[in-house]
Amino acid sequence: MLYQRVLSAAVGIPVLLAAVWRGGWLLFAATVLLMLLSLYEFNRLFIVMGTKTSFFIMAAGMLVLSAGALWGGAGAYGLAVVPVVMLMLISGVLSYPGVTPAAVAVRLTGTLYVSLLIYFYLIRTLDGGQLWILTLLAAIWAGDTVAYFTGKKLGKRKLAPDLSPGKTVEGAVCGLAGCILGAFAVYFLFPALPSGQVLAVGAVAGVFGIIGDLFESSLKRQGGIKDSGTVIPGHGGVLDRFDSLIFAAPAVYYLLSFWSIG
């Protein structure tokens with residue numbers, strides 16, 4: 001299992017970093033692809049639970065939100081939420097009685113949840129966005145790695161036993177420290193970054209990454225499955241690999257945006 005994780009990372013990380021470094025349409029396309037794959041896994045998970053959803057309707061909503069972000073940034077993304085909500089509600093009306101209100105709620109939740117990953121692309125559009133994305137990725141990856149190994153060696157107290165029995169308080173605390181250290185690793189390579197913001201990005205990524213991980217664990221726990229998919233050997237599905245980033249990316253984006261205004 002460990003060698004599969006390392007091999008997948010050795011292949012996947014350079015590809016993702018190349019998209020980040022290039023930015024523009026390449027990064028946007030890579031982000032949308034990750035979102036589509038995540039949405040497919042989300043849809044599959046609820047089908048396993050017996051809820052009739054629609055990948056195509058959720059994908060349409062996600063693409064509308066993504067187009068808004070591409071066209072006008074976070075502001076246009078926010079404006080696009082209204083027509084997307086209406087699209088989901090109208091889909092429930094047109095599908096009645098074959099689709100229950102609960103299924104419509106799942107469609108809406110899945111669309112808005114997975115679409116948060118577009119903030120990964122939006123961070124790249126900020127001043128210094130190239131380095132801030134690298135800082136975010138370094139924080140998330142270092143935090144995951146430290147939490148994984150320290151949790152196995154030192155973990156005793158369960159962090160959320162009902163959601164994810166394998167996660168421990170010790171692993172989470174060490175993982176948060178790992179996030180901050182990962183962020184500062186980028187700072188040492190690029191000392192032009194403000195150290196205070198680097199610290200804040202590492203801490204925010206760590207906290208929201210844990211929340212994102214636990215949220216996805218709650219979905220899998222309800223579905224009675226271990227992994228959301230098998231696309232990434234050793235890591236499970238795309239949703240398994242990027243669940244932390246789905247929550248961390250918007251938090252870091254607004255942190256940097258408000259810091260800049262301040």
# chains A, B, ... in the order shown; residues from 1 in each chain; ligands from 1

$ select_by_dssp --residues "stretch 106-250 of chain A" --states "helix (DSSP H, G or I)" --output "JSON list (two decimals) with C-alpha atoms, in the first residue's frame"
[["chain", "number", "residue", "atom", "x", "y", "z"],
["A", 106, "VAL", "CA", -28.26, 15.77, -2.45],
["A", 107, "ARG", "CA", -27.89, 17.18, -5.96],
["A", 108, "LEU", "CA", -27.61, 20.70, -4.59],
["A", 109, "THR", "CA", -25.20, 19.68, -1.83],
["A", 110, "GLY", "CA", -22.97, 17.71, -4.17],
["A", 111, "THR", "CA", -22.82, 20.53, -6.71],
["A", 112, "LEU", "CA", -21.96, 23.25, -4.20],
["A", 113, "TYR", "CA", -19.59, 21.02, -2.22],
["A", 114, "VAL", "CA", -17.42, 19.83, -5.09],
["A", 115, "SER", "CA", -17.51, 23.24, -6.80],
["A", 118, "ILE", "CA", -12.60, 26.00, -8.10],
["A", 119, "TYR", "CA", -11.02, 28.21, -5.43],
["A", 120, "PHE", "CA", -7.85, 26.23, -6.06],
["A", 121, "TYR", "CA", -7.78, 27.83, -9.51],
["A", 122, "LEU", "CA", -8.86, 31.22, -8.13],
["A", 123, "ILE", "CA", -5.91, 31.39, -5.72],
["A", 124, "ARG", "CA", -3.66, 31.32, -8.80],
["A", 129, "GLY", "CA", -0.92, 33.28, -6.65],
["A", 130, "GLN", "CA", 1.61, 30.89, -8.13],
["A", 131, "LEU", "CA", 3.58, 30.78, -4.89],
["A", 132, "TRP", "CA", 0.49, 30.80, -2.69],
["A", 133, "ILE", "CA", -0.85, 27.68, -4.41],
["A", 134, "LEU", "CA", 2.51, 26.00, -3.88],
["A", 135, "THR", "CA", 2.36, 27.04, -0.22],
["A", 136, "LEU", "CA", -1.14, 25.60, 0.13],
["A", 137, "LEU", "CA", -0.20, 22.33, -1.57],
["A", 138, "ALA", "CA", 2.99, 21.97, 0.48],
["A", 139, "ALA", "CA", 0.99, 22.57, 3.67],
["A", 140, "ILE", "CA", -1.72, 20.01, 2.80],
["A", 141, "TRP", "CA", 0.70, 17.35, 1.60],
["A", 142, "ALA", "CA", 3.10, 17.76, 4.52],
["A", 143, "GLY", "CA", 0.21, 17.76, 6.98],
["A", 144, "ASP", "CA", -1.30, 14.58, 5.50],
["A", 145, "THR", "CA", 2.06, 12.81, 5.54],
["A", 146, "VAL", "CA", 2.94, 13.81, 9.11],
["A", 147, "ALA", "CA", -0.57, 12.98, 10.36],
["A", 148, "TYR", "CA", -0.48, 9.56, 8.66],
["A", 149, "PHE", "CA", 2.82, 8.43, 10.18],
["A", 150, "THR", "CA", 2.53, 10.06, 13.61],
["A", 151, "GLY", "CA", -1.03, 8.84, 13.95],
["A", 152, "LYS", "CA", 0.14, 5.28, 13.36],
["A", 153, "LYS", "CA", 3.07, 5.56, 15.79],
["A", 154, "LEU", "CA", 1.78, 7.89, 18.50],
["A", 169, "VAL", "CA", -5.94, 13.64, 18.21],
["A", 170, "GLU", "CA", -2.17, 13.16, 18.22],
["A", 171, "GLY", "CA", -2.13, 12.67, 14.45],
["A", 172, "ALA", "CA", -4.29, 15.76, 13.91],
["A", 173, "VAL", "CA", -2.10, 17.97, 16.12],
["A", 174, "CYS", "CA", 1.09, 16.75, 14.48],
["A", 175, "GLY", "CA", -0.57, 17.09, 11.09],
["A", 176, "LEU", "CA", -1.40, 20.73, 11.83],
["A", 177, "ALA", "CA", 2.23, 21.32, 12.79],
["A", 178, "GLY", "CA", 3.23, 19.57, 9.57],
["A", 179, "CYS", "CA", 1.03, 21.94, 7.57],
["A", 180, "ILE", "CA", 2.79, 24.95, 9.05],
["A", 181, "LEU", "CA", 6.22, 23.41, 8.44],
["A", 182, "GLY", "CA", 5.24, 22.55, 4.87],
["A", 183, "ALA", "CA", 4.16, 26.14, 4.26],
["A", 184, "PHE", "CA", 7.45, 27.45, 5.65],
["A", 185, "ALA", "CA", 9.38, 25.07, 3.41],
["A", 186, "VAL", "CA", 8.06, 27.11, 0.48],
["A", 187, "TYR", "CA", 8.89, 30.32, 2.36],
["A", 188, "PHE", "CA", 12.53, 29.23, 2.73],
["A", 189, "LEU", "CA", 12.68, 28.60, -1.02],
["A", 195, "SER", "CA", 6.18, 35.20, 6.83],
["A", 196, "GLY", "CA", 3.02, 36.17, 8.73],
["A", 197, "GLN", "CA", 0.80, 35.21, 5.83],
["A", 198, "VAL", "CA", 2.73, 31.99, 5.29],
["A", 199, "LEU", "CA", 2.09, 31.04, 8.92],
["A", 200, "ALA", "CA", -1.59, 31.91, 8.56],
["A", 201, "VAL", "CA", -1.95, 29.92, 5.32],
["A", 202, "GLY", "CA", -0.33, 26.88, 6.92],
["A", 203, "ALA", "CA", -2.57, 27.05, 9.99],
["A", 204, "VAL", "CA", -5.79, 27.70, 8.06],
["A", 205, "ALA", "CA", -4.99, 24.94, 5.56],
["A", 206, "GLY", "CA", -4.37, 22.56, 8.46],
["A", 207, "VAL", "CA", -7.60, 23.32, 10.31],
["A", 208, "PHE", "CA", -9.90, 23.37, 7.28],
["A", 209, "GLY", "CA", -8.10, 20.39, 5.77],
["A", 210, "ILE", "CA", -9.00, 18.32, 8.83],
["A", 211, "ILE", "CA", -12.62, 19.47, 8.62],
["A", 212, "GLY", "CA", -12.76, 18.60, 4.91],
["A", 213, "ASP", "CA", -11.30, 15.17, 5.59],
["A", 214, "LEU", "CA", -13.84, 14.47, 8.33],
["A", 215, "PHE", "CA", -16.74, 15.66, 6.17],
["A", 216, "GLU", "CA", -15.84, 13.22, 3.41],
["A", 217, "SER", "CA", -15.37, 10.51, 6.04],
["A", 218, "SER", "CA", -18.95, 11.15, 7.18],
["A", 219, "LEU", "CA", -20.19, 10.58, 3.63],
["A", 220, "LYS", "CA", -18.26, 7.31, 3.29],
["A", 221, "ARG", "CA", -19.38, 6.18, 6.73],
["A", 222, "GLN", "CA", -23.02, 6.66, 5.72],
["A", 223, "GLY", "CA", -22.38, 4.74, 2.50],
["A", 238, "VAL", "CA", -10.03, 11.68, -6.29],
["A", 239, "LEU", "CA", -12.40, 12.78, -3.54],
["A", 240, "ASP", "CA", -10.26, 10.91, -1.00],
["A", 241, "ARG", "CA", -7.13, 12.72, -2.18],
["A", 242, "PHE", "CA", -8.60, 16.23, -2.52],
["A", 243, "ASP", "CA", -11.20, 16.34, 0.28],
["A", 244, "SER", "CA", -8.90, 18.49, 2.43],
["A", 245, "LEU", "CA", -8.25, 20.88, -0.44],
["A", 246, "ILE", "CA", -11.98, 21.35, -1.13],
["A", 247, "PHE", "CA", -12.36, 23.01, 2.27],
["A", 248, "ALA", "CA", -8.90, 24.55, 2.55],
["A", 249, "ALA", "CA", -8.77, 26.29, -0.84],
["A", 250, "PRO", "CA", -11.70, 28.71, -0.31]]

$ closest_residue --among "A:Phe28, A:Phe42, A:Phe55, A:Phe258" --to "A:Gly237" --atoms "only C-alpha atoms"
A:Phe42

$ closest_residue --among "A:Val32, A:Leu89, A:Leu26, A:Leu256" --to "A:Leu117" --atoms "only C-alpha atoms"
A:Val32

$ residues_around --residues "A:Arg44" --least-positions-apart "2" --cutoff "10 Å" --atoms "only C-alpha atoms" --output "NGL selection string"
:A and (38-42 or 46-55 or 223 or 228-229)

$ write_last_selection --atoms "N, CA and C atoms" --output "PDB file, in the first residue's frame"
ATOM      1  N   SER A  38     -14.461  14.018  -8.967  1.00  0.00           N
ATOM      2  CA  SER A  38     -14.955  14.034  -7.581  1.00  0.00           C
ATOM      3  C   SER A  38     -16.471  13.945  -7.552  1.00  0.00           C
ATOM      4  N   LEU A  39     -17.110  14.656  -8.477  1.00  0.00           N
ATOM      5  CA  LEU A  39     -18.570  14.654  -8.537  1.00  0.00           C
ATOM      6  C   LEU A  39     -19.094  13.274  -8.929  1.00  0.00           C
ATOM      7  N   TYR A  40     -18.390  12.609  -9.828  1.00  0.00           N
ATOM      8  CA  TYR A  40     -18.768  11.252 -10.216  1.00  0.00           C
ATOM      9  C   TYR A  40     -18.724  10.322  -9.002  1.00  0.00           C
ATOM     10  N   GLU A  41     -17.667  10.449  -8.197  1.00  0.00           N
ATOM     11  CA  GLU A  41     -17.537   9.617  -7.001  1.00  0.00           C
ATOM     12  C   GLU A  41     -18.604   9.968  -5.964  1.00  0.00           C
ATOM     13  N   PHE A  42     -18.902  11.263  -5.822  1.00  0.00           N
ATOM     14  CA  PHE A  42     -19.962  11.691  -4.907  1.00  0.00           C
ATOM     15  C   PHE A  42     -21.292  11.081  -5.341  1.00  0.00           C
ATOM     16  N   PHE A  46     -23.794   8.105  -3.297  1.00  0.00           N
ATOM     17  CA  PHE A  46     -25.203   8.203  -2.908  1.00  0.00           C
ATOM     18  C   PHE A  46     -26.072   7.181  -3.635  1.00  0.00           C
ATOM     19  N   ILE A  47     -25.657   6.756  -4.801  1.00  0.00           N
ATOM     20  CA  ILE A  47     -26.363   5.659  -5.462  1.00  0.00           C
ATOM     21  C   ILE A  47     -26.244   4.398  -4.620  1.00  0.00           C
ATOM     22  N   VAL A  48     -25.047   4.165  -4.054  1.00  0.00           N
ATOM     23  CA  VAL A  48     -24.845   3.017  -3.156  1.00  0.00           C
ATOM     24  C   VAL A  48     -25.794   3.111  -1.963  1.00  0.00           C
ATOM     25  N   MET A  49     -26.048   4.345  -1.505  1.00  0.00           N
ATOM     26  CA  MET A  49     -26.938   4.534  -0.361  1.00  0.00           C
ATOM     27  C   MET A  49     -28.415   4.491  -0.744  1.00  0.00           C
ATOM     28  N   GLY A  50     -28.701   4.318  -2.037  1.00  0.00           N
ATOM     29  CA  GLY A  50     -30.087   4.187  -2.472  1.00  0.00           C
ATOM     30  C   GLY A  50     -30.773   5.489  -2.811  1.00  0.00           C
ATOM     31  N   THR A  51     -30.012   6.574  -2.985  1.00  0.00           N
ATOM     32  CA  THR A  51     -30.600   7.864  -3.338  1.00  0.00           C
ATOM     33  C   THR A  51     -30.429   8.100  -4.828  1.00  0.00           C
ATOM     34  N   LYS A  52     -31.523   8.407  -5.505  1.00  0.00           N
ATOM     35  CA  LYS A  52     -31.493   8.615  -6.948  1.00  0.00           C
ATOM     36  C   LYS A  52     -31.022  10.037  -7.243  1.00  0.00           C
ATOM     37  N   THR A  53     -29.808  10.158  -7.725  1.00  0.00           N
ATOM     38  CA  THR A  53     -29.272  11.465  -8.054  1.00  0.00           C
ATOM     39  C   THR A  53     -29.040  11.550  -9.565  1.00  0.00           C
ATOM     40  N   SER A  54     -28.365  12.601 -10.002  1.00  0.00           N
ATOM     41  CA  SER A  54     -28.066  12.745 -11.428  1.00  0.00           C
ATOM     42  C   SER A  54     -26.707  13.411 -11.587  1.00  0.00           C
ATOM     43  N   PHE A  55     -25.731  12.631 -12.053  1.00  0.00           N
ATOM     44  CA  PHE A  55     -24.394  13.183 -12.265  1.00  0.00           C
ATOM     45  C   PHE A  55     -24.427  14.322 -13.278  1.00  0.00           C
ATOM     46  N   GLY A 223     -22.282   5.663   3.624  1.00  0.00           N
ATOM     47  CA  GLY A 223     -22.383   4.737   2.503  1.00  0.00           C
ATOM     48  C   GLY A 223     -21.781   3.373   2.783  1.00  0.00           C
ATOM     49  N   SER A 228     -13.707   6.458  -1.763  1.00  0.00           N
ATOM     50  CA  SER A 228     -14.712   6.987  -2.688  1.00  0.00           C
ATOM     51  C   SER A 228     -14.524   6.441  -4.099  1.00  0.00           C
ATOM     52  N   GLY A 229     -13.328   5.920  -4.401  1.00  0.00           N
ATOM     53  CA  GLY A 229     -13.054   5.372  -5.719  1.00  0.00           C
ATOM     54  C   GLY A 229     -11.724   4.637  -5.734  1.00  0.00           C
TER      55      GLY A 229
END

$ residues_around --residues "A:Leu79" --least-positions-apart "5" --cutoff "9 Å" --atoms "only C-alpha atoms" --output "list in words"
Leu65, Gly68 and Ala74 of chain A

$ atom_distance --atom1 "atom CA of A:Leu34" --atom2 "atom CA of A:Tyr253"
18.4 Å

$ atom_distance --atom1 "atom CA of A:Leu45" --atom2 "atom CA of A:Gly92"
19.7 Å

$ closest_residue --among "A:Leu36, A:Leu70, A:Gly224, A:Leu63" --to "A:Pro83" --atoms "only C-alpha atoms"
A:Leu63

$ select_by_dssp --residues "stretch 31-246 of chain A" --states "strand (DSSP E or B)" --output "list in words"
Lys158, Leu159, Ala160, Ser164, Pro165, Gly166, Lys167, Thr168, Ile232 and Gly236 of chain A

$ write_last_selection --atoms "C-alpha atoms" --output "short mmCIF file (atom, residue, chain, number, x, y, z; two decimals), in the first residue's frame"
data_model
loop_
_atom_site.label_atom_id
_atom_site.label_comp_id
_atom_site.auth_asym_id
_atom_site.auth_seq_id
_atom_site.Cartn_x
_atom_site.Cartn_y
_atom_site.Cartn_z
CA LYS A 158 -9.58 9.01 18.74
CA LEU A 159 -10.33 12.33 17.03
CA ALA A 160 -13.79 11.38 15.71
CA SER A 164 -13.14 8.00 11.10
CA PRO A 165 -11.83 5.53 13.69
CA GLY A 166 -8.31 5.67 12.24
CA LYS A 167 -7.80 9.38 12.93
CA THR A 168 -6.36 10.41 16.27
CA ILE A 232 -5.46 6.79 -7.56
CA GLY A 236 -8.45 5.64 -3.21
#

$ decode --residues "stretch 186-202 of chain A" --atoms "N, CA and C atoms" --output "compact mmCIF listing (two decimals), in the first residue's frame"
# COMPACT_ATOMS: atom_id res chain seq x y z
N VAL A 186 8.17 26.26 1.67
CA VAL A 186 8.06 27.11 0.48
C VAL A 186 8.63 28.50 0.77
N TYR A 187 8.38 29.00 1.97
CA TYR A 187 8.89 30.32 2.36
C TYR A 187 10.42 30.34 2.32
N PHE A 188 11.07 29.27 2.76
CA PHE A 188 12.53 29.23 2.73
C PHE A 188 13.07 29.19 1.30
N LEU A 189 12.28 28.61 0.39
CA LEU A 189 12.68 28.60 -1.02
C LEU A 189 12.41 29.94 -1.69
N PHE A 190 11.34 30.60 -1.24
CA PHE A 190 10.94 31.89 -1.82
C PHE A 190 10.72 32.89 -0.69
N PRO A 191 11.79 33.42 -0.12
CA PRO A 191 11.69 34.28 1.06
C PRO A 191 11.00 35.61 0.82
N ALA A 192 10.62 35.91 -0.43
CA ALA A 192 9.89 37.15 -0.69
C ALA A 192 8.47 37.08 -0.12
N LEU A 193 7.98 35.89 0.15
CA LEU A 193 6.64 35.75 0.73
C LEU A 193 6.63 36.32 2.14
N PRO A 194 5.51 36.99 2.54
CA PRO A 194 5.40 37.52 3.91
C PRO A 194 5.28 36.37 4.91
N SER A 195 6.15 36.33 5.89
CA SER A 195 6.18 35.20 6.83
C SER A 195 4.88 35.08 7.62
N GLY A 196 4.28 36.22 7.98
CA GLY A 196 3.02 36.17 8.73
C GLY A 196 1.91 35.50 7.95
N GLN A 197 1.82 35.82 6.66
CA GLN A 197 0.80 35.21 5.83
C GLN A 197 1.09 33.73 5.58
N VAL A 198 2.35 33.40 5.46
CA VAL A 198 2.73 31.99 5.29
C VAL A 198 2.28 31.18 6.50
N LEU A 199 2.53 31.71 7.69
CA LEU A 199 2.09 31.04 8.92
C LEU A 199 0.58 30.88 8.94
N ALA A 200 -0.13 31.95 8.56
CA ALA A 200 -1.59 31.91 8.56
C ALA A 200 -2.12 30.90 7.55
N VAL A 201 -1.52 30.87 6.36
CA VAL A 201 -1.95 29.92 5.32
C VAL A 201 -1.74 28.48 5.80
N GLY A 202 -0.59 28.22 6.41
CA GLY A 202 -0.33 26.88 6.92
C GLY A 202 -1.33 26.46 7.98
